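A.B. asks: Take a look at this one; I'll ask things after.
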Amino acid sequence: MIKIFLKCVREYKAPAIITLLFMVGEVLIEVLIPFYTADLVNDIKAGAPMNHVVRVGLILVVMALISLCCGAGGGYFGSKASTGFARNVRRDVFERIQRFSFENIDKFSTASLVTRLTTDINNVQMAFMMSIRIAVRAPLMFVFSIVMAYTMGGRLATTFVVVVPVLIVGLLTIAKHAMPAFRAVFRKYDRMNESIEENVRGMRVVKGFARESFEKQKFAAASGDICRDFTRAERIVALNTPLMALCMNFNMVFVLLVGAKIIVESRGAVIDVGQISAMLTYGMQILMSLMMISMIYVMMTMSFESMKRLAEVLTEEPSLSNPDAPVTEVKDGSVDFEGVSFKYDRKAQESALAGIDLHIPSGATVGILGGTGAGKSTLVQLIPRLYDVTEGRVKVGGVDVRDYDIEALRGAVSMVLQKNELFSGTIKENLRWGNPNATDEELVEACKLAQADDFVRSFPEGYDTHIEQGGTNVSGGQKQRLCIARALLKKPKILILDDSTSAVDTRTDALIRAGFKTYIPETTKIIIAQRVHSVEDADLILVMDGGRIADMGKHEELIERSPIYREVYEQQTKGGEEHA
Amino acid sequence: MHKETNRNLKENFAAIGWTLKKFFGFYPVLAPLAMFCILFSSIVSAIPSLFVQNVLSVIEKWFTTGDWAAARAEILPYIYLLIGLYVLSICSQTLETQLMAVMTQGFLDKMRREMFNDMQDLPIRYFDRRKTGDIMSFYTNDIDTMRQLVSQSLPSLIRSIAIVVAVLAIMLYFSVWMTLVLLLGVVAMFYVTKTIGGGSAKYFVKAQKATAAMEGFAQEMMNGQKVIKVFCHEEQALEDFDKVNDELRDVAFRANAFASTLGPIIGNIGNILYVTLALVGGVFILANIKNLSLSGMAFDITVLVPFLGMSRQFTGNVNQLSQQINSIVMAGAGAQRVLTLVNEEPEADNGYVTLVNVTEDADGTLHETEEHTGHWAWRHPHTDGSGITYTPLRGDVRMVNVDFSYKPEKQVLYDVSVFAEPGQKVAFVGATGAGKTTITNLINRFYDIADGKIRYDGININKIKKSDLRRSLGIVLQETNLFTGTVMENIRYGRLEATDEECIEAARLAGADDFITRLPQGYETELQNNGANLSQGQRQLIAIARAAVADPPVMILDEATSSIDTRTEAIVQRGMDKLMEGRTVFVIAHRLSTVMNSDVIMVLDHGRIIERGSHEKLIAEKGTYYQLYTGAFELE
């Protein structure tokens with residue numbers, strides 16, 4: 001998995017390596033300074049000549065300055081590398097999502113894709129930055145310090161034989177117990193946040209049923225539960241501090257006592273006072289670097305979860321791809337279904353669609369009716385190849401949809417989805433999604449056809465009105481009409497409307513359909529609707545039930561033949577006779 | 001500009017003060033204890049330098065003779081003292097860190113609950129005016145910065161200040177001249193921090209903005225991913241993404257670079273100081289410069305060595321201090337936001353009329369009772385002390401001359417009058433934005449009216465306690481909201497005391513029982529993510545069952561049935577008809593079929609009722625209603 005991420009370093013390899021080099025330089029010098037300072041201190045004690053002392057001192061100052069430059073350079077290039085790395089990861093993830101088919105998108109919910117693009121990448125960026133700076137620095141510091149300590153201190157360095165293993169074992173034990181506790185809590189924490197969000201979104205329901213105190217109780221239980229678990233985990237981790245203190249203090253006592261013994265007994269021959277000072281410094285450096293290593297370990301484990309989630313997206317194969325020699329021209333708007341069946345999930349028992357055989361001539365108006373879950377949306381989504389059939393074939397213009405170049409196919413088959421999305425930008429920009437090169441007149445024409453022109457003009461800024469994120473400043477019906485206009489701008493051979501007029505009143509709906517008949521007679525129009533009147537005058541009406549076409553034909557035929565159709569029609573058109 | 005920054009700073013500090021007050025309020029004993037432990041162990045950590053000096057002087061005294069036994073005799077007392085202090089310090093540190101772990105999480109828990117509870121009592125207006133993401137960040141980002149303040153910044157601050165003061169005292173005790181040299185170096189550190197640090201704040205603000213922009217973009221694109229595919233907009237989307245992404249990288253890099261270089265620079269200035277002190281100290285000793293100190297001792301090697309160690313402690317903690325100030329300011333910002341939530345005016349409820357169970361005597365007098373009789377009445381205690389009136393709950397709702405505006409400048413309802421007698425079905429029709437949903441917001445007292453009267457069973461609804469009023473109204477809204485839990489739990493939300501059978505019966509009435517029993521675990525199926533595993537229609541049916549189980553005398557249906565196909569709607573209608581006996585229903589829809597079964601239809605246009613009557617009467621009038629609904633007929 002690390003390989004996937006290393007690929008994202010790409011053009012930032014150089015800054016990353018420079019950072020590493022700077023870190024090495026900084027550590028080296030930091031480790032040498034106490035060594036030479038110890039010599040300086042001994043020289044001073046021995047009464048060396050002033051200019052010698054000054055010279056050594058100045059050399060040390062220069063060394064410290066170099067260390068400063070290395071450190072700053074490491075920080076600078078480290079930032080360059082890590083922000084660049086994050087940018088690449090973000091891009092790779094986003095780009096792959098663009099290549100996803102509907103099936104791939106269904107696998108990851110929208111919310112989780114957003115979290116992956118934001119939170120998870122932030123965690124991974126942090127981990128990368130920590131790695132190239134501290135993960136290199138700390139072990140190096142540890143190793144060098146130990147080497148220097150032994151070289152310089154000889155027997156005095158035996159303190160580390162005791163202290164270091166104790167610290168390592170201690171840190172590992174603490175981590176081993178704390179990590180699983182944290183992992184479990186994070187999951188609960190996510191769920192708690194989800195429930196807060198539900199509460200906020202559903203506040204009208206909460207207040208409508210006067211459930212405020214119920215919600216408060218529910219939340220108190222969830223929050224208290226998390227508090228208990230988190231506290232337990234934090235208390236374990238908190239043991240790090242006294243452990244560290246114990247080791248440092250032991251070091252201090254040992255160095256003082258044993259150091260004194262060695263110096264006095266050997267009369268300063270083996271080591272001298274300067275070395276004591278250096279040993280104390282090295283001791284601190286060694287222990288600090290161990291602490292840093294454990295911190296990194298913790299941080300890496302926490303971002304491991306994020307890395308896994310990102311890797312999932314990066315390794316997901318798009319399930320829809322262009323054929324080798326794609327057909328690029330769609331001849332006409334005819335649609336054929338031959339023995340088609342479809343399952344959303346390959347492993348599912350039941351098919352969402354079964355045994356569909358259908359021929360729609362070019363330019364026809366087709367209506368599709370049916371209950372919830374009857375398969376209407378599923379059926380039409382197969383036409384622009386948003387999903388691929390499980391069995392059978394779908395043909396557009398006489399050619400299997402899988403043989404077309406996807407862009408060409410989707411250019412010719414325009415669809416207005418059930419869930420209508422507009423994006424932040426002006427109305428004009430949103431409309432131009434249908435055709436980036438559309439002239440202003442073409443935009444207006446499409447809007448007129450979709451009965452949207454009137455209300456757009458009623459806005460103070462007309463077509464330049466800015467649409468807020470999520471389209472919150474336009475009503476449901478207005479959104480739907482703009483989406484229809486956007487779809488019309490493609491000048492498609494086939495236009496599919498999936499329940500796209502549910503928020504539009506009956507009169508406007510009728511005007512839209514009339515407009516279609518008059519102005520785009522050659523376009524095949526496939527309309528899924530709830531209102532019978534929307535499809536009454538279609539050339540062909542499909543009545544769907546349980547994933548199959550229960551019946552099809554014109555209105556007059558269906559009134560005669562189909563009990564389902566009849567029932568729906570009567571329900572919707574009869575007057576207030578039933579009501580007393 | 002200055003005044004604004006000063007005000008911001010003042011608010012910031014006020015928020016920080018509030019956070020600390022809350023913290024100490026939650027833990028009046030443990031918190032000061034923990035702080036004391038921090039203080040204690042910090043001071044103790046400064047003391048070893050004194051011991052080092054003493055041990056070193058002993059070494060000096062004896063090392064020429066090589067008499068370890070004598071030296072040891074003099075050293076050991078110091079060592080024992082040191083060990084004793086260390087043991088105390090370790091105990092203190094353990095106590096402190098354990099306490100902090102407990103208190104931090106406890107603080108978070110209590111804060112969260114306080115925020116959530118306060119939030120439940122806020123008026124709907126608060127939620128309508130804000131994005132969910134905004135509100136969520138109270139519980140994620142903002143509360144986290146408060147946690148950092150309490151669990152990291154506060155202890156760190158105390159620790160650093162204590163050590164700095166203690167070490168300073170000891171250094172002055174050793175040598176005033178050397179201390180001055182050190183302080184000069186510290187001043188240099190401050191200067192550097194300010195120059196570089198000042199620049200970084202500006203970039204951090206920019207980085208925050210760029211991050212927010214990226215998150216907003218990602219949200220939009222992911223939500224609309226299917227539309228992007230339908231329009232083959234992928235390349236364009238990628239281009240737009242690259243712009244936002246690269247901008248984020250550039251800004252983040254600058255902000256990050258500042259912060260990342262500052263750390264090493266400060267740390268290395270510490271190094272430079274270390275060697276400078278060694279140099280200067282050496283010069284002092286060699287040149288035999290007279291020492292000035294609080295202890296009066298001479299400056300020699302035994303002072304220099306510990307002094308070097310202390311300089312590291314000193315500069316390290318000064319550094320910590322300056323970093324903490326930064327995070328404290330950030331925490332203040334988070335606390336300020338939480339304060340706004342907590343200080344929000346809760347939903348005012350001056351109602352005193354409540355809904356109670358009653359039994360009826362033979363002569364019709366009503367008596368209040370605790371048991372569940374299924375008979376409800378309004379308990380109206382008169383303000384003039386003349387006693388209590390019990391009015392039976394019938395579902396008679398009247399709006400008289402109601403005016404309303406969401407925002408003062410924009411009036412939404414003009415002189416609206418609606419009469420609904422018990423058991424009547426009133427339909428509201430009209431173009432989007434005509435005011436239909438608004439009317440239902442008022443009956444429920446989600447919003448309160450500006451002018452006019454709304455009466456429920458003859459009682460002014462302002463006099464009725466909001467929770468009791470809302471319990472007597474069933475609502476099914478345009479947007480379904482289901483909660484995480486089983487289907488049964490969601491239905492039971494309508495009436496918490498309902499039995500399983502009652503819930504299933506309600507589901508049957510709503511027409512939901514059929515599909516629920518076909519779900520993998522039936523009524524025990526877990527719903528997540530607002531019922532994402534169900535279709536729109538199915539979710540609506542559960543919402544209707546939920547309202548049905550509440551068994552209210554008045555129901556408000558807001559375009560509830562327009563996402564359900566006509567067939568399913570027919571099933572629901574039949575159930576609803578049964579449910580509507582003896583109940584008042586307000587329904588808002590576009591559908592001919594829904595509306596045609598009503599007793600009265602109100603046609604709304606731009607906040608005014610322009611037509612009212614039964615379906616036949618309005619058709620005969622050939623007015624707006626006629627136009628809206630005969631579009632269909634004309635085209636045949």
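If you're wondering about the labels, chains in the structure tokens are A, B, ... by order shown, residues count from 1 in each chain, ligands from 1 in order shown.
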Please identify all polymer residues within 6 Å of region 75-86 of chain A, counting only C-alpha atoms, omitting same-chain residues fewer than 2 positions from it, and present them as a PyMOL selection string.
C.D. replies: (chain A and resi 9+12+15-16+19+72-73+88-89+125+129) or (chain B and resi 249+253+256-257+260-261)
A.B. asks: Pick out the residues sitting within 8 Å of Asn104 (chain A), and hand them over as a PyMOL selection string; count only C-alpha atoms, and ignore anything fewer than 5 positions along from it in its own chain.
C.D. replies: chain A and resi 316+318-319
A.B. asks: Could the residues in this selection be saved with N, CA, C and O atoms as a PDB file, in the first residue's frame?
C.D. replies:
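Output saved as result.pdb:
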```pdb
ATOM      1  N   GLU A 316      -9.541   1.083  -6.984  1.00  0.00           N
ATOM      2  CA  GLU A 316     -10.831   0.657  -7.526  1.00  0.00           C
ATOM      3  C   GLU A 316     -10.806   0.767  -9.043  1.00  0.00           C
ATOM      4  O   GLU A 316     -10.519   1.819  -9.596  1.00  0.00           O
ATOM      5  N   PRO A 318     -12.431   1.217 -12.523  1.00  0.00           N
ATOM      6  CA  PRO A 318     -13.707   1.677 -13.075  1.00  0.00           C
ATOM      7  C   PRO A 318     -14.361   0.538 -13.850  1.00  0.00           C
ATOM      8  O   PRO A 318     -13.680  -0.146 -14.615  1.00  0.00           O
ATOM      9  N   SER A 319     -15.648   0.342 -13.616  1.00  0.00           N
ATOM     10  CA  SER A 319     -16.274  -0.833 -14.212  1.00  0.00           C
ATOM     11  C   SER A 319     -16.778  -0.576 -15.618  1.00  0.00           C
ATOM     12  O   SER A 319     -17.304  -1.452 -16.264  1.00  0.00           O
TER      13      SER A 319
END
```
A.B. asks: How would you write, as number ranges by chain, the set of residues in region 130-363 of chain B that DSSP gives as helix (DSSP H, G or I)?
C.D. replies: B: 132-174, 176-223, 225-230, 234-286, 301-343
A.B. asks: If we count only C-alpha atoms and set the cut-off at 10 Å, which residues sit around region 222-238 of chain B, ignoring sequence neighbours fewer than 6 positions away in its own chain? Please answer as a PyMOL selection string.
C.D. replies: (chain A and resi 91+94-95+97-102+105-106+109-114+117+381+384-386+406-411+413-417+419-423+433-436+470+483+486-487+490) or (chain B and resi 244-245)
A.B. asks: Near Leu39 (chain B), within 10 Å and counting only C-alpha atoms, which residues show up once chain neighbours fewer than 3 positions away are dropped, as a list in words?
C.D. replies: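 My list of contacting residues is Leu33, Ala34, Met35, Phe36, Ser42, Ile43, Val44, Ser92, Gln93, Glu96, Pro155, Ile158, Arg159, Ser160, Ile161, Ala162 and Ile163 of chain B.
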A.B. asks: Choose the residue, out of B:Leu108, B:Tyr139, B:Thr64, B:Val303, that has the smallest atom-to-atom separation from Asp190 (chain A); count only C-alpha atoms.
C.D. replies: B:Tyr139
A.B. asks: If you count only C-alpha atoms, which residues fall within 12 Å of Asp551 (chain A), apart from same-chain ones fewer than 4 positions away, as a PyMOL selection string?
C.D. replies: chain A and resi 356-358+367-370+540-545+547+555+557-566
A.B. asks: Find, counting only C-alpha atoms, the residue in A:Gly425, A:Gly355, A:Gly74, A:Gly170 that gets nearest to chain B.
C.D. replies: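 The shortest atom-to-atom distance to chain B comes from A:Gly74.
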A.B. asks: In Å, how far is it from CA of Tyr189 (chain A) to CA of Leu20 (chain B)?
C.D. replies: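 Separation of CA of Tyr189 (chain A) and CA of Leu20 (chain B): 24.5 Å.
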A.B. asks: Within 6 Å of Ala545 (chain B), counting only C-alpha atoms, which residues qualify if same-chain residues fewer than 3 places away don't, as number ranges by chain?
C.D. replies: B: 506-507, 510, 542, 548
A.B. asks: Would you mind exporting all heavy atoms of the selected residues as a PDB file, in the first residue's frame?
C.D. replies:
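The file below, selection_20.pdb, is the result:
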```pdb
ATOM      1  N   ALA B 506     -50.239   0.816  12.413  1.00  0.00           N
ATOM      2  CA  ALA B 506     -50.063   2.116  11.756  1.00  0.00           C
ATOM      3  C   ALA B 506     -49.393   1.930  10.400  1.00  0.00           C
ATOM      4  O   ALA B 506     -49.765   2.561   9.408  1.00  0.00           O
ATOM      5  CB  ALA B 506     -49.228   3.037  12.644  1.00  0.00           C
ATOM      6  N   ALA B 507     -48.400   1.033  10.363  1.00  0.00           N
ATOM      7  CA  ALA B 507     -47.709   0.785   9.092  1.00  0.00           C
ATOM      8  C   ALA B 507     -48.675   0.199   8.074  1.00  0.00           C
ATOM      9  O   ALA B 507     -48.626   0.520   6.886  1.00  0.00           O
ATOM     10  CB  ALA B 507     -46.534  -0.162   9.318  1.00  0.00           C
ATOM     11  N   ALA B 510     -50.772   2.909   6.660  1.00  0.00           N
ATOM     12  CA  ALA B 510     -50.039   3.764   5.729  1.00  0.00           C
ATOM     13  C   ALA B 510     -49.687   3.028   4.446  1.00  0.00           C
ATOM     14  O   ALA B 510     -49.265   3.632   3.470  1.00  0.00           O
ATOM     15  CB  ALA B 510     -48.764   4.277   6.406  1.00  0.00           C
ATOM     16  N   ILE B 542     -42.897   5.271   5.604  1.00  0.00           N
ATOM     17  CA  ILE B 542     -42.549   5.115   7.017  1.00  0.00           C
ATOM     18  C   ILE B 542     -42.861   6.400   7.782  1.00  0.00           C
ATOM     19  O   ILE B 542     -43.369   6.366   8.908  1.00  0.00           O
ATOM     20  CB  ILE B 542     -41.060   4.747   7.177  1.00  0.00           C
ATOM     21  CG1 ILE B 542     -40.810   3.383   6.563  1.00  0.00           C
ATOM     22  CG2 ILE B 542     -40.663   4.756   8.633  1.00  0.00           C
ATOM     23  CD1 ILE B 542     -39.407   2.868   6.773  1.00  0.00           C
ATOM     24  N   ALA B 548     -48.985   8.367  11.757  1.00  0.00           N
ATOM     25  CA  ALA B 548     -50.230   7.646  12.052  1.00  0.00           C
ATOM     26  C   ALA B 548     -50.219   7.100  13.475  1.00  0.00           C
ATOM     27  O   ALA B 548     -51.225   7.148  14.173  1.00  0.00           O
ATOM     28  CB  ALA B 548     -50.416   6.511  11.048  1.00  0.00           C
TER      29      ALA B 548
END
```
A.B. asks: Quick one: everything within 12 Å of Glu497 (chain B), counting only C-alpha atoms, minus sequence neighbours fewer than 6 positions away in the same chain. Send it as number ranges by chain.
C.D. replies: B: 372, 489, 491, 503, 549-551
A.B. asks: So which bits of region 373-512 of chain A end up strand (DSSP E) when you DSSP the backbone, as a ChimeraX atom specification?
C.D. replies: /A:391-396,399-400,413-416,425-426,466-467,494-498
A.B. asks: Could you check which of A:Leu156, A:Cys447, A:Val253, A:Ile29 is closest to chain B, using only C-alpha atoms?
C.D. replies: A:Val253
A.B. asks: What gap, in Å, lies between CA of Ser534 (chain A) and CA of Leu618 (chain B)?
C.D. replies: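 Computing the Euclidean distance for CA of Ser534 (chain A) and CA of Leu618 (chain B) yields 23.0 Å.
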A.B. asks: Quick one: of A:Asp92, A:Arg133, A:Val205, A:Gly153, who's nearest to Ile17 (chain A), counting only C-alpha atoms?
C.D. replies: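 Going through A:Asp92, A:Arg133, A:Val205, A:Gly153 one by one, the smallest distance to Ile17 (chain A) is for A:Arg133.
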